[in-house]
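Working notes, beginning with the structure itself.
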Amino acid sequence: MGAPLLSVRHLSTEFRTERGTVKAVDDVSFDLSAGETLAIVGESGSGKSVTAMSILRLIPDPPGRIIAGEVVFDGRDLLKLEDHEIRAIRGNRIAMIFQEPMSSLNPSLTIGLQIAEPINLHRKTPWAAAMNMAVELLGRVRLPDARSRVKSYPHQFSGGMRQRAMIAMALACQPQLIIADEPTTALDVTVQAQILALLKEVTRAANSALILITHDLGVVARYADRVCVMYGGRIIETGPAREIYARPRHPYTIGLMASVPRLDQATGSRLVPIDGQPPNLANLPPGCAFAPRCRNAVDRCRVERPALVKSGPEHLSACHFHDQLSA
Amino acid sequence: MTSSAPDANLPELVLEVSDLKVHFPVMAGAVVRKQVGSVKAVDGVSFNVRRGETLGLVGESGCGKSTTGLAVLKMLDITSGQVVFEGEDISGYDRARMRPIRRRMQMVYQDPFGSLNPRMKVAQIVGEPLEVHGMANDRAIYRARVASLLDMVGLLPDMADRYPHEFSGGQRQRIGIARALALEPSLIICDEPVSALDVSIQAQVVNLFQELQERLGLTYVFIAHDLAVVRHISHRIAVMYLGRIVEIASRADLYARPLHPYTVALLAAIPIPDPEVEATRPQQIITGEVPSAMRPPPGCRFHTRCPSVMEVCKSVDPPMRDMGDDRAVACHLHGA
């Protein structure tokens, strides 16, 4: 394998709040190759969205600030680029899709104009040609009636249609990387399945890489090649999706899998919840962030923060006892 | 726990809903307002719920599941149809006549952030129903009752003097449940009660609902879009689409042998959290989105998206058909 398309190294992002400085992302590292789908899984406050925003330097400063690390994309550290250089990459070589398409679309511009804009901006394609490409892109994301729909405004679209338009916009400049942050959480289940299948299909066709940020373990299982599980701002486990599901090596991952009901399993037994509450980033314990909720925690876990270490051929776990756990 | 109500010695019916319709008028005109149509949010829904049972109501946004819940509680005006609660026909009851009934039917809402008054302490939130219904005249009894309610939902008694913002989402949902339990209801309508919670917290709250049901003999109508959660908690499940129930069955039957193409589609859309299973699972994703409830399609409402659509589906509305074993389906594929 050659150099990865994206290599995130020791990324840390903090926010200054009234209650002190919060480290939302803490020493996060991962690689991503062309054509690969990486899922970043975690609950609210785990740092998964802030990681994505940090890659594209979309963290509002103040209050946020990327304090350390490298984001090497195609050989260049995005964190060291000038503002105009990162703008030339955003929406062009790296595209982002957000959870709520209504808030990322401009309500006063037609859908066609918004899709054509990056083509005109980044590729210097004349407007008329860019508008034709917008029609073609809307067709590719299977928006019915694309030719007349380019003239519609976002409010005239349903949630699913808006997300299709967002995907069309993301595809406009044939990006090498698409970052999708909970792209279907706001959508109905049948539409959710349509949109995710579409996203997977278009990235595969273009051999683009996809970062899928989600809290849904089912979505990860269906679409991801590799997984990073985040908790309290850190990656606590990572590896190939099949490996993580078959042999989870962190008590949090094991707990998450036991706590979700599955359609293919017998009913009647109680779910096994994870005790306690999600961590408060402003007040993380000194040791393992999961220790207060972990059934296996011992004194060492409460004082010594476990490093992310090798637990299998391509499998990393941040648990002192990763080699003694059974799911 | 049994997966479906036994045939013999069935517990009594707590709730009987027949041909329930809730239509909202759509008005237009800036000066002279007039009705230009109606949204048929609930359009002929019938189901029963027995004592100690959980009926799951599933469907996508706009299917009418939440409206059905609100109409059962008479928090919305019913256009037509009948709601019988514990043998009493409450369809025509006004607010005053509903007051004593409301003690026995309560609601738990989706949003544990929006449904609790931020200026009230937990003790007031949980105890307010007791005061409203004149059951808290003695301070000591009141405090003791609030403490026991908090204990019942797994919160500590000293949390009574704190405010909602001091609690996490899961804890707030527990507060909402304690409040719903204050008047010792027999029926609780749960409207997406775990959807807003983190995955690791959902299981805690789902388990709490099940424990309370066993302990107090509660009857639930559990409204949600997450089929995996609904299947886990419900004894019977009604699948709704555009204001109608399209299929109702015990959870075992519904998942093992779904009859309605929409039920099949919904089940197929839910990914199973296991890459090995997903790799071999047929991907039958239906196209399109739910049409407007203002102008539902003629014939079967699902025909515009149905992979098995036939000519008859486009013009003839399929009636709900009893399939035996306490299950029914509205689909021409399962006609005479």
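Letters A, B, ... go to the chains of the structure tokens in the order shown; residues in each chain start at 1; ligands are counted from 1 in the same order.
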Tell me, which residues of stretch 17-210 of chain A carry DSSP strand (DSSP E or B), written as a PyMOL selection string? chain A and resi 17+20-32+37-41+64-73+76-77+90+94-97+177-181+209-210
For chain A against chain B, which residues fall within 7 Å using only C-alpha atoms, given as a list in words?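 Every residue meeting the condition is included here: Glu43, Ser44, Asp188, Val189, Thr190, Val191, Ala193, Gln194, Leu217, Gly218, Val219, Ala221, Arg222, Ala241, Arg242, Tyr245, Leu256, Ser259, Val260, Pro261, Arg262, Leu263, Thr267, Gly268, Arg270, Leu271, Val272, Pro273 and Ile274 of chain A.
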DSSP on the backbone: which residues in stretch 49-280 of chain B end up as helix (DSSP H, G or I)? Give the answer as a count of residues only. 108
Ranking A:Ser269, A:Thr37, A:Ser54, A:Thr17 by minimum distance to A:Asn207 and counting only C-alpha atoms, which one comes first? A:Thr37
Write out as a count of residues only which residues come within 7 Å of A:Val135 when counting only C-alpha atoms, dropping same-chain ones fewer than 6 positions away. 3
Quick one: residues within 9 Å of stretch 93-107 of chain A, only C-alpha atoms, excluding same-chain residues fewer than 4 positions away - as a JSON list (two decimals) with N, CA and C atoms, in the first residue's frame?
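The file below, around.json, is the result:
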[["chain", "number", "residue", "atom", "x", "y", "z"],
["A", 52, "ALA", "N", -14.10, 15.75, 12.75],
["A", 52, "ALA", "CA", -14.39, 16.01, 11.34],
["A", 52, "ALA", "C", -14.22, 17.49, 11.01],
["A", 56, "LEU", "N", -11.21, 19.85, 8.37],
["A", 56, "LEU", "CA", -11.43, 20.91, 7.39],
["A", 56, "LEU", "C", -11.23, 22.31, 7.98],
["A", 88, "ALA", "N", -9.52, 26.47, -1.08],
["A", 88, "ALA", "CA", -9.45, 25.82, -2.39],
["A", 88, "ALA", "C", -9.63, 24.31, -2.26],
["A", 89, "ILE", "N", -9.47, 23.80, -1.05],
["A", 89, "ILE", "CA", -9.63, 22.36, -0.84],
["A", 89, "ILE", "C", -11.05, 22.02, -0.40],
["A", 111, "ILE", "N", -31.55, 25.49, -5.78],
["A", 111, "ILE", "CA", -30.71, 24.31, -5.58],
["A", 111, "ILE", "C", -29.64, 24.24, -6.68],
["A", 114, "GLN", "N", -26.73, 26.51, -6.18],
["A", 114, "GLN", "CA", -25.86, 26.12, -5.08],
["A", 114, "GLN", "C", -24.97, 24.94, -5.46],
["A", 153, "TYR", "N", -36.24, 25.95, -4.73],
["A", 153, "TYR", "CA", -35.55, 26.44, -3.55],
["A", 153, "TYR", "C", -35.57, 25.35, -2.48],
["A", 154, "PRO", "N", -34.61, 25.40, -1.54],
["A", 154, "PRO", "CA", -34.52, 24.32, -0.55],
["A", 154, "PRO", "C", -35.84, 24.02, 0.18],
["A", 155, "HIS", "N", -36.64, 25.06, 0.48],
["A", 155, "HIS", "CA", -37.86, 24.80, 1.26],
["A", 155, "HIS", "C", -38.88, 23.98, 0.46],
["A", 159, "GLY", "N", -36.99, 16.43, 3.24],
["A", 159, "GLY", "CA", -35.70, 16.18, 3.90],
["A", 159, "GLY", "C", -34.80, 15.28, 3.07],
["A", 162, "ARG", "N", -33.47, 17.13, 0.02],
["A", 162, "ARG", "CA", -32.41, 18.08, 0.39],
["A", 162, "ARG", "C", -31.09, 17.36, 0.59],
["A", 163, "GLN", "N", -31.17, 16.19, 1.24],
["A", 163, "GLN", "CA", -29.93, 15.47, 1.47],
["A", 163, "GLN", "C", -29.35, 14.96, 0.15],
["A", 165, "ALA", "N", -29.66, 16.60, -2.64],
["A", 165, "ALA", "CA", -29.05, 17.81, -3.21],
["A", 165, "ALA", "C", -27.70, 18.08, -2.57],
["A", 166, "MET", "N", -27.60, 17.85, -1.25],
["A", 166, "MET", "CA", -26.32, 18.05, -0.56],
["A", 166, "MET", "C", -25.27, 17.09, -1.11],
["A", 167, "ILE", "N", -25.69, 15.86, -1.37],
["A", 167, "ILE", "CA", -24.74, 14.88, -1.91],
["A", 167, "ILE", "C", -24.31, 15.30, -3.32],
["A", 169, "MET", "N", -24.14, 18.29, -4.39],
["A", 169, "MET", "CA", -23.23, 19.41, -4.20],
["A", 169, "MET", "C", -21.84, 18.91, -3.79],
["A", 170, "ALA", "N", -21.83, 17.91, -2.91],
["A", 170, "ALA", "CA", -20.56, 17.36, -2.45],
["A", 170, "ALA", "C", -19.80, 16.70, -3.61],
["A", 171, "LEU", "N", -20.56, 16.09, -4.53],
["A", 171, "LEU", "CA", -19.92, 15.38, -5.64],
["A", 171, "LEU", "C", -19.45, 16.32, -6.74],
["A", 173, "CYS", "N", -17.36, 18.63, -7.48],
["A", 173, "CYS", "CA", -15.98, 18.77, -7.95],
["A", 173, "CYS", "C", -15.20, 17.47, -7.86],
["A", 174, "GLN", "N", -15.90, 16.36, -7.84],
["A", 174, "GLN", "CA", -15.27, 15.03, -7.76],
["A", 174, "GLN", "C", -14.23, 14.97, -6.65],
["A", 175, "PRO", "N", -14.66, 15.14, -5.40],
["A", 175, "PRO", "CA", -13.71, 15.18, -4.29],
["A", 175, "PRO", "C", -13.06, 13.82, -4.07],
["A", 176, "GLN", "N", -11.86, 13.86, -3.48],
["A", 176, "GLN", "CA", -11.19, 12.59, -3.15],
["A", 176, "GLN", "C", -11.67, 12.08, -1.80],
["A", 177, "LEU", "N", -12.23, 12.99, -1.01],
["A", 177, "LEU", "CA", -12.69, 12.61, 0.33],
["A", 177, "LEU", "C", -14.02, 13.29, 0.61],
["A", 178, "ILE", "N", -14.99, 12.51, 1.10],
["A", 178, "ILE", "CA", -16.25, 13.08, 1.55],
["A", 178, "ILE", "C", -16.38, 12.79, 3.04],
["A", 179, "ILE", "N", -16.68, 13.82, 3.81],
["A", 179, "ILE", "CA", -16.92, 13.64, 5.24],
["A", 179, "ILE", "C", -18.41, 13.84, 5.47],
["A", 180, "ALA", "N", -19.09, 12.81, 5.94],
["A", 180, "ALA", "CA", -20.53, 12.89, 6.17],
["A", 180, "ALA", "C", -20.80, 12.78, 7.67],
["A", 181, "ASP", "N", -21.31, 13.88, 8.24],
["A", 181, "ASP", "CA", -21.52, 13.94, 9.69],
["A", 181, "ASP", "C", -22.99, 13.63, 9.99],
["A", 182, "GLU", "N", -23.28, 12.45, 10.46],
["A", 182, "GLU", "CA", -24.64, 12.00, 10.76],
["A", 182, "GLU", "C", -25.57, 12.37, 9.59],
["A", 183, "PRO", "N", -25.25, 11.92, 8.37],
["A", 183, "PRO", "CA", -25.97, 12.45, 7.21],
["A", 183, "PRO", "C", -27.44, 12.05, 7.16],
["A", 184, "THR", "N", -27.84, 11.04, 7.91],
["A", 184, "THR", "CA", -29.22, 10.57, 7.77],
["A", 184, "THR", "C", -29.98, 10.56, 9.09],
["A", 185, "THR", "N", -29.39, 11.10, 10.14],
["A", 185, "THR", "CA", -30.03, 11.04, 11.44],
["A", 185, "THR", "C", -31.39, 11.73, 11.45],
["A", 186, "ALA", "N", -31.53, 12.79, 10.61],
["A", 186, "ALA", "CA", -32.78, 13.53, 10.63],
["A", 186, "ALA", "C", -33.82, 12.93, 9.69]]
Expressed in Å to a single decimal, how great is the separation between atom CA of A:Pro292 and atom CA of A:Ala307?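 Straight-line distance from atom CA of A:Pro292 to atom CA of A:Ala307 works out to 17.4 Å.
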